[in-house]
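Report on one structure; see the data block that follows.
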Amino acid sequence: MLERMRKNRFLFEELVKRDFKKKYKRTVLGMLWSLLAPLLNVLVLMFVFGNMFNRHQEHFIIYIFCGTLIMSFYTETTQGCMRALMANAAIFTKINVPKHLFLMSKTVQSFINFILTAVVFVIFCIFDKIHFGVHMLALAYPVFWMLVFNFGVGMILSAMFVFFRDVEYLYSIFLTLLNYVSAIFYPVTIMSERLRFIFYLNPVYVYIFYFRCVVIDGFIPSPIIHALAAGYALVFLAIGCIIYKKCNHEFLYYV
Amino acid sequence: MSVLECKNVSIRYKTGDLKSIGLKDYVLRKLTGEYKVTEFWADKDITFSLEKGDMLGIVGTNGAGKSTLLKAVTGIMVPTEGSVTTKGNIAALLELASGFDPELTVRENTYLRGALLGYTRQFINERYDEIIAFAELEDFQDYMFKQLSSGMKSRLAFSIACLVDPDILILDEVLSVGDEAFKDKSARKIKKILANGVTGILVSHSVQQVRDLCNKCLWLDHGKQVAFGPAATVCNAYSAFLFTPTKERKLPQNEEELNAVSNHFMLAWRLGVKERAAHTNPVGESETARIQRLMKAVDAMSAEEKQALLDEINGR
């Protein structure tokens with residue numbers, strides 16, 4: 001068991017290295033790109049919606065940044081994972097390797113990107129005079145569960161992608177939709193109090209909400225939010241694992 | 001205790017409308033009932049076992065189920081029925097150069113492949129120089145993989161798989177890579193590996209290669225196991241089968257028939273050798289025609305003549 005984990009670790013490291021090198025080989029700006037994209041996104045949203053919602057929400061730019069930070073982490077990981085299994089078909093049809101490692105490697109790659117963007121986020125927070133305190137450490141909680149959640153969703157998507165190639169297009173439409181319903185650039189107060197619970201059916205929103213609570217309002221959310229953050233992640237991970245367990249030897253018929 | 005054991009292994013293979021079909025086509029074909037998935041037995045009831053140091057050759061015409069069987073042995077597929085038990089590390093070379101990344105350098109690819117084959121970083125560190133030296137790629141270590149010639153790529157794949165000391169080595173059509181010098185070198189390497197007690201499986205279309213390198217041979221035909229036994233006997237029978245015109249081909253049904261066919265072929269071969277030595281063979285005759293003629297000649301021989309020829313072979 002331990003021996004197997006050690007071997008898998010080496011493979012895992014090599015895969016991460018490979019994915020990283022491949023991603024940044026061609027672009028001159030390299031890593032800078034992955035920083036610039038969400039940054040530009042924030043600025044555009046701020047410019048467009050700033051006037052509209054600014055007076056309803058203090059620290060509006062941080063409010064938007066929380067949303068895009070988490071949304072882009074989610075988007076990048078799940079899209080990366082979705083293609084990862086198919087992209088490595090040449091390998092897993094020839095060599096017996098644990099297939100989830102391909103997705104884990106993508107997840108790590110997106111996570112590094114997330115961390116880099118988070119650094120820019122912190123700089124923004126400093127400029128916007130956000131209060132930094134010990135309570136910020138609580139952010140590790142949603143970040144951890146987001147990793148699990150993204151990976152779980154990625155597993156499901158990658159399996160679907162092997163079976164049906166147009167999942168790619170359907171998913172990008174879904175992402176656009178998700179972008180709109182996750183309250184990224186508008187305050188949730190536009191929805192009546194009675195219906196606001198609908199937002200919590202959206203896992204991505206739960207993570208965004210957690211971030212905003214801690215960063216902007218300076219308090220740690222209720223246990224229910226904690227439970228939701230963990231619950232969504234575990235459910236999707238479980239579904240992903242079941243699919244992989246069941247289809248592990250099916251995939252090769254479809255590639 | 002055998003190192004590798006296949007017990008009544010059957011694999012049902014699926015093909016048809018599975019691949020690269022869109023959601024729209026899927027729904028449409030499901031609705032119109034045109035969605036077709038054909039299932040067939042790629043391998044049926046294959047049984048064999050290998051001891052430490054054995055080298056198994058797998059022969060058979062195209063579509064015999066050789067590659068599918070290898071996939072079951074390496075664990076890429078699970079047998080639908082039966083079981084495969086293996087002991088130790090497997091290094092499989094299925095369709096060599098695939099699985100390398102064209103955008104990475106030779107060095108990076110070596111490490112990645114090592115990792116894929118299940119070795120530790122420390123181990124690859126130790127073996128790296130040896131692998132590169134054997135593949136004769138010392139001057140190309142930092143080249144991108146796509147810049148290499150196809151021969152170089154295969155040489156690298158071969159070196160990695162062979163130099164990592166597997167317990168079970170699986171070679172699928174790999175010994176035909178590189179130039180003549182490298183072929184010789186790789187054949188010598190394989191022999192050396194086998195002498196060290198590694199168990200191997202070789203799939204090859206070259207019967208000669210199987211004769212040279214293997215001590216056991218498995219003959220598959222359309223997924224069925226025709227024969228499993230000593231390489232010389234099975235190879236003889238398989239050669240005889242190959243040289244028979246397609247319409248008259250008959251698979252040996254049991255060991256007795258197998259031995260008979262094998263002997264028959266051996267005698268024909270012996271006749272051919274004698275004929276050549278005496279320069280009495282017709283000029284411009286094709287190999288197939290020659291073997292067919294010789295087999296008929298053996299048919300026409302009396303039992304005593306056959307025995308005399310057999311003694312000649314054994315006496316040599």
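Labeling convention for the structure tokens: chains A, B, ... as they appear, residues from 1 per chain, ligands from 1 in order of appearance.
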What residues in chain A have any atom no more than 12 Å from chain B when counting only C-alpha atoms, and can you write them as a PyMOL selection string?
-> chain A and resi 3-26+86-99+101-102+160-170+247-255
Shell of 12 Å around Phe124 of chain A, only C-alpha atoms, local chain residues under 2 positions omitted, as a PyMOL selection string = chain A and resi 39+42-43+59-66+117-122+126-130+215
List the neighbours of Met155 of chain A out to 9 Å using only C-alpha atoms; skip same-chain residues closer than 5 positions along the sequence, and give me the result as a tab-separated table (two decimals) with C-alpha atoms, in the first residue's frame.
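Output file around22.tsv follows:
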chain	number	residue	atom	x	y	z
A	78	THR	CA	-13.39	21.46	-14.10
A	81	CYS	CA	-10.19	17.87	-15.69
A	82	MET	CA	-12.89	17.29	-18.26
A	85	LEU	CA	-8.76	11.90	-19.29
A	100	HIS	CA	-7.56	9.83	-11.57
A	103	LEU	CA	-7.19	14.82	-13.14
A	150	ASN	CA	-13.79	20.78	-8.25
A	160	MET	CA	-19.05	12.12	-19.60
A	236	PHE	CA	-19.72	15.18	-5.93
A	237	LEU	CA	-16.51	13.39	-5.03
A	239	ILE	CA	-20.40	10.36	-7.45
A	240	GLY	CA	-17.12	10.86	-9.32
A	241	CYS	CA	-15.47	7.96	-7.52
A	243	ILE	CA	-18.33	6.49	-11.89
A	244	TYR	CA	-14.60	5.88	-12.07
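Of all the residues in segment 264-293 of chain B, the ones DSSP labels as helix (DSSP H, G or I) from the backbone are His264, Phe265, Met266, Leu267, Ala268, Trp269, Arg270, Leu271, Gly272, Val273, Lys274, Glu275, Arg276, Ala277, Glu287, Thr288, Ala289, Arg290, Ile291, Gln292 and Arg293 of chain B.
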Hey, can you spit out that residue selection with C-alpha atoms as a PDB file, in the first residue's frame?
ATOM      1  CA  HIS B 264       5.539 -32.698 -41.323  1.00  0.00           C
ATOM      2  CA  PHE B 265       6.782 -29.145 -41.609  1.00  0.00           C
ATOM      3  CA  MET B 266      10.122 -30.043 -40.082  1.00  0.00           C
ATOM      4  CA  LEU B 267      10.635 -32.762 -42.659  1.00  0.00           C
ATOM      5  CA  ALA B 268       9.683 -30.430 -45.487  1.00  0.00           C
ATOM      6  CA  TRP B 269      12.113 -27.874 -44.164  1.00  0.00           C
ATOM      7  CA  ARG B 270      14.848 -30.501 -44.023  1.00  0.00           C
ATOM      8  CA  LEU B 271      14.139 -31.490 -47.597  1.00  0.00           C
ATOM      9  CA  GLY B 272      14.450 -27.859 -48.584  1.00  0.00           C
ATOM     10  CA  VAL B 273      17.820 -27.504 -46.904  1.00  0.00           C
ATOM     11  CA  LYS B 274      19.133 -30.611 -48.666  1.00  0.00           C
ATOM     12  CA  GLU B 275      17.754 -29.424 -51.966  1.00  0.00           C
ATOM     13  CA  ARG B 276      19.510 -26.097 -51.646  1.00  0.00           C
ATOM     14  CA  ALA B 277      22.764 -27.717 -50.708  1.00  0.00           C
ATOM     15  CA  GLU B 287       9.049 -19.160 -50.805  1.00  0.00           C
ATOM     16  CA  THR B 288       5.375 -20.070 -50.480  1.00  0.00           C
ATOM     17  CA  ALA B 289       5.385 -22.185 -53.619  1.00  0.00           C
ATOM     18  CA  ARG B 290       8.562 -23.907 -52.503  1.00  0.00           C
ATOM     19  CA  ILE B 291       7.243 -24.830 -49.060  1.00  0.00           C
ATOM     20  CA  GLN B 292       3.968 -26.013 -50.557  1.00  0.00           C
ATOM     21  CA  ARG B 293       5.795 -28.188 -53.030  1.00  0.00           C
TER      22      ARG B 293
END
So, counting only C-alpha atoms, which residue among B:Asp139, B:Asp212, B:Asp54, B:Glu248 is closest to Ser2 of chain B?
->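 Using only C-alpha atoms, the shortest distance to Ser2 of chain B belongs to B:Asp54.
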Could you go through segment 12-82 of chain B and tell me which residues DSSP, when run on the backbone, assigns to strand (DSSP E), listing them as a PDB file with N, CA and C atoms, in the first residue's frame?
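Output below, filename part19.pdb:
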ATOM      1  N   ARG B  12     -14.650 -10.180 -23.759  1.00  0.00           N
ATOM      2  CA  ARG B  12     -15.652  -9.730 -24.715  1.00  0.00           C
ATOM      3  C   ARG B  12     -15.331  -8.297 -25.087  1.00  0.00           C
ATOM      4  N   TYR B  13     -15.171  -8.075 -26.347  1.00  0.00           N
ATOM      5  CA  TYR B  13     -14.776  -6.746 -26.816  1.00  0.00           C
ATOM      6  C   TYR B  13     -15.981  -6.063 -27.430  1.00  0.00           C
ATOM      7  N   LYS B  14     -16.062  -4.760 -27.144  1.00  0.00           N
ATOM      8  CA  LYS B  14     -17.188  -4.005 -27.693  1.00  0.00           C
ATOM      9  C   LYS B  14     -16.695  -3.089 -28.788  1.00  0.00           C
ATOM     10  N   THR B  15     -17.471  -2.969 -29.821  1.00  0.00           N
ATOM     11  CA  THR B  15     -17.128  -2.003 -30.844  1.00  0.00           C
ATOM     12  C   THR B  15     -18.409  -1.563 -31.535  1.00  0.00           C
ATOM     13  N   GLY B  16     -18.295  -0.596 -32.413  1.00  0.00           N
ATOM     14  CA  GLY B  16     -19.486  -0.112 -33.090  1.00  0.00           C
ATOM     15  C   GLY B  16     -19.674   1.370 -32.866  1.00  0.00           C
ATOM     16  N   VAL B  37     -24.102  -1.666 -31.112  1.00  0.00           N
ATOM     17  CA  VAL B  37     -22.860  -2.018 -30.447  1.00  0.00           C
ATOM     18  C   VAL B  37     -22.668  -3.504 -30.654  1.00  0.00           C
ATOM     19  N   THR B  38     -21.585  -3.827 -31.333  1.00  0.00           N
ATOM     20  CA  THR B  38     -21.328  -5.236 -31.563  1.00  0.00           C
ATOM     21  C   THR B  38     -20.379  -5.748 -30.497  1.00  0.00           C
ATOM     22  N   GLU B  39     -20.748  -6.845 -29.933  1.00  0.00           N
ATOM     23  CA  GLU B  39     -19.862  -7.455 -28.956  1.00  0.00           C
ATOM     24  C   GLU B  39     -19.365  -8.762 -29.539  1.00  0.00           C
ATOM     25  N   PHE B  40     -18.092  -8.989 -29.364  1.00  0.00           N
ATOM     26  CA  PHE B  40     -17.594 -10.285 -29.830  1.00  0.00           C
ATOM     27  C   PHE B  40     -16.504 -10.748 -28.868  1.00  0.00           C
ATOM     28  N   TRP B  41     -16.228 -12.023 -28.916  1.00  0.00           N
ATOM     29  CA  TRP B  41     -15.197 -12.543 -28.030  1.00  0.00           C
ATOM     30  C   TRP B  41     -13.840 -12.347 -28.700  1.00  0.00           C
ATOM     31  N   ALA B  42     -13.075 -11.404 -28.178  1.00  0.00           N
ATOM     32  CA  ALA B  42     -11.743 -11.159 -28.725  1.00  0.00           C
ATOM     33  C   ALA B  42     -10.810 -12.290 -28.312  1.00  0.00           C
ATOM     34  N   ASP B  43     -11.081 -12.826 -27.148  1.00  0.00           N
ATOM     35  CA  ASP B  43     -10.334 -13.994 -26.690  1.00  0.00           C
ATOM     36  C   ASP B  43     -11.312 -14.932 -26.009  1.00  0.00           C
ATOM     37  N   LYS B  44     -11.157 -16.208 -26.271  1.00  0.00           N
ATOM     38  CA  LYS B  44     -12.091 -17.168 -25.689  1.00  0.00           C
ATOM     39  C   LYS B  44     -11.306 -18.317 -25.075  1.00  0.00           C
ATOM     40  N   ASP B  45     -11.464 -18.442 -23.762  1.00  0.00           N
ATOM     41  CA  ASP B  45     -10.931 -19.619 -23.097  1.00  0.00           C
ATOM     42  C   ASP B  45      -9.430 -19.834 -23.299  1.00  0.00           C
ATOM     43  N   ILE B  46      -8.648 -18.820 -22.993  1.00  0.00           N
ATOM     44  CA  ILE B  46      -7.201 -18.934 -23.138  1.00  0.00           C
ATOM     45  C   ILE B  46      -6.606 -19.382 -21.810  1.00  0.00           C
ATOM     46  N   THR B  47      -5.835 -20.431 -21.848  1.00  0.00           N
ATOM     47  CA  THR B  47      -5.216 -20.931 -20.625  1.00  0.00           C
ATOM     48  C   THR B  47      -3.741 -21.202 -20.853  1.00  0.00           C
ATOM     49  N   PHE B  48      -2.920 -20.591 -20.077  1.00  0.00           N
ATOM     50  CA  PHE B  48      -1.489 -20.928 -20.125  1.00  0.00           C
ATOM     51  C   PHE B  48      -0.837 -20.426 -18.850  1.00  0.00           C
ATOM     52  N   SER B  49       0.336 -20.917 -18.563  1.00  0.00           N
ATOM     53  CA  SER B  49       1.059 -20.390 -17.412  1.00  0.00           C
ATOM     54  C   SER B  49       2.544 -20.353 -17.740  1.00  0.00           C
ATOM     55  N   LEU B  50       3.212 -19.388 -17.169  1.00  0.00           N
ATOM     56  CA  LEU B  50       4.634 -19.203 -17.426  1.00  0.00           C
ATOM     57  C   LEU B  50       5.417 -19.262 -16.126  1.00  0.00           C
ATOM     58  N   MET B  55      10.016 -17.484 -21.869  1.00  0.00           N
ATOM     59  CA  MET B  55       9.680 -16.439 -22.825  1.00  0.00           C
ATOM     60  C   MET B  55       8.597 -17.012 -23.722  1.00  0.00           C
ATOM     61  N   LEU B  56       7.455 -16.364 -23.681  1.00  0.00           N
ATOM     62  CA  LEU B  56       6.332 -16.858 -24.466  1.00  0.00           C
ATOM     63  C   LEU B  56       6.202 -16.047 -25.743  1.00  0.00           C
ATOM     64  N   GLY B  57       6.091 -16.735 -26.842  1.00  0.00           N
ATOM     65  CA  GLY B  57       5.803 -16.054 -28.095  1.00  0.00           C
ATOM     66  C   GLY B  57       4.319 -16.208 -28.373  1.00  0.00           C
ATOM     67  N   ILE B  58       3.664 -15.136 -28.782  1.00  0.00           N
ATOM     68  CA  ILE B  58       2.261 -15.267 -29.171  1.00  0.00           C
ATOM     69  C   ILE B  58       2.179 -15.026 -30.666  1.00  0.00           C
ATOM     70  N   VAL B  59       1.688 -16.021 -31.393  1.00  0.00           N
ATOM     71  CA  VAL B  59       1.560 -15.863 -32.840  1.00  0.00           C
ATOM     72  C   VAL B  59       0.097 -16.013 -33.236  1.00  0.00           C
ATOM     73  N   GLU B  81     -14.393 -13.284 -18.386  1.00  0.00           N
ATOM     74  CA  GLU B  81     -14.430 -14.528 -17.615  1.00  0.00           C
ATOM     75  C   GLU B  81     -12.999 -14.967 -17.371  1.00  0.00           C
ATOM     76  N   GLY B  82     -12.830 -15.821 -16.383  1.00  0.00           N
ATOM     77  CA  GLY B  82     -11.498 -16.333 -16.104  1.00  0.00           C
ATOM     78  C   GLY B  82     -10.664 -15.354 -15.308  1.00  0.00           C
TER      79      GLY B  82
END
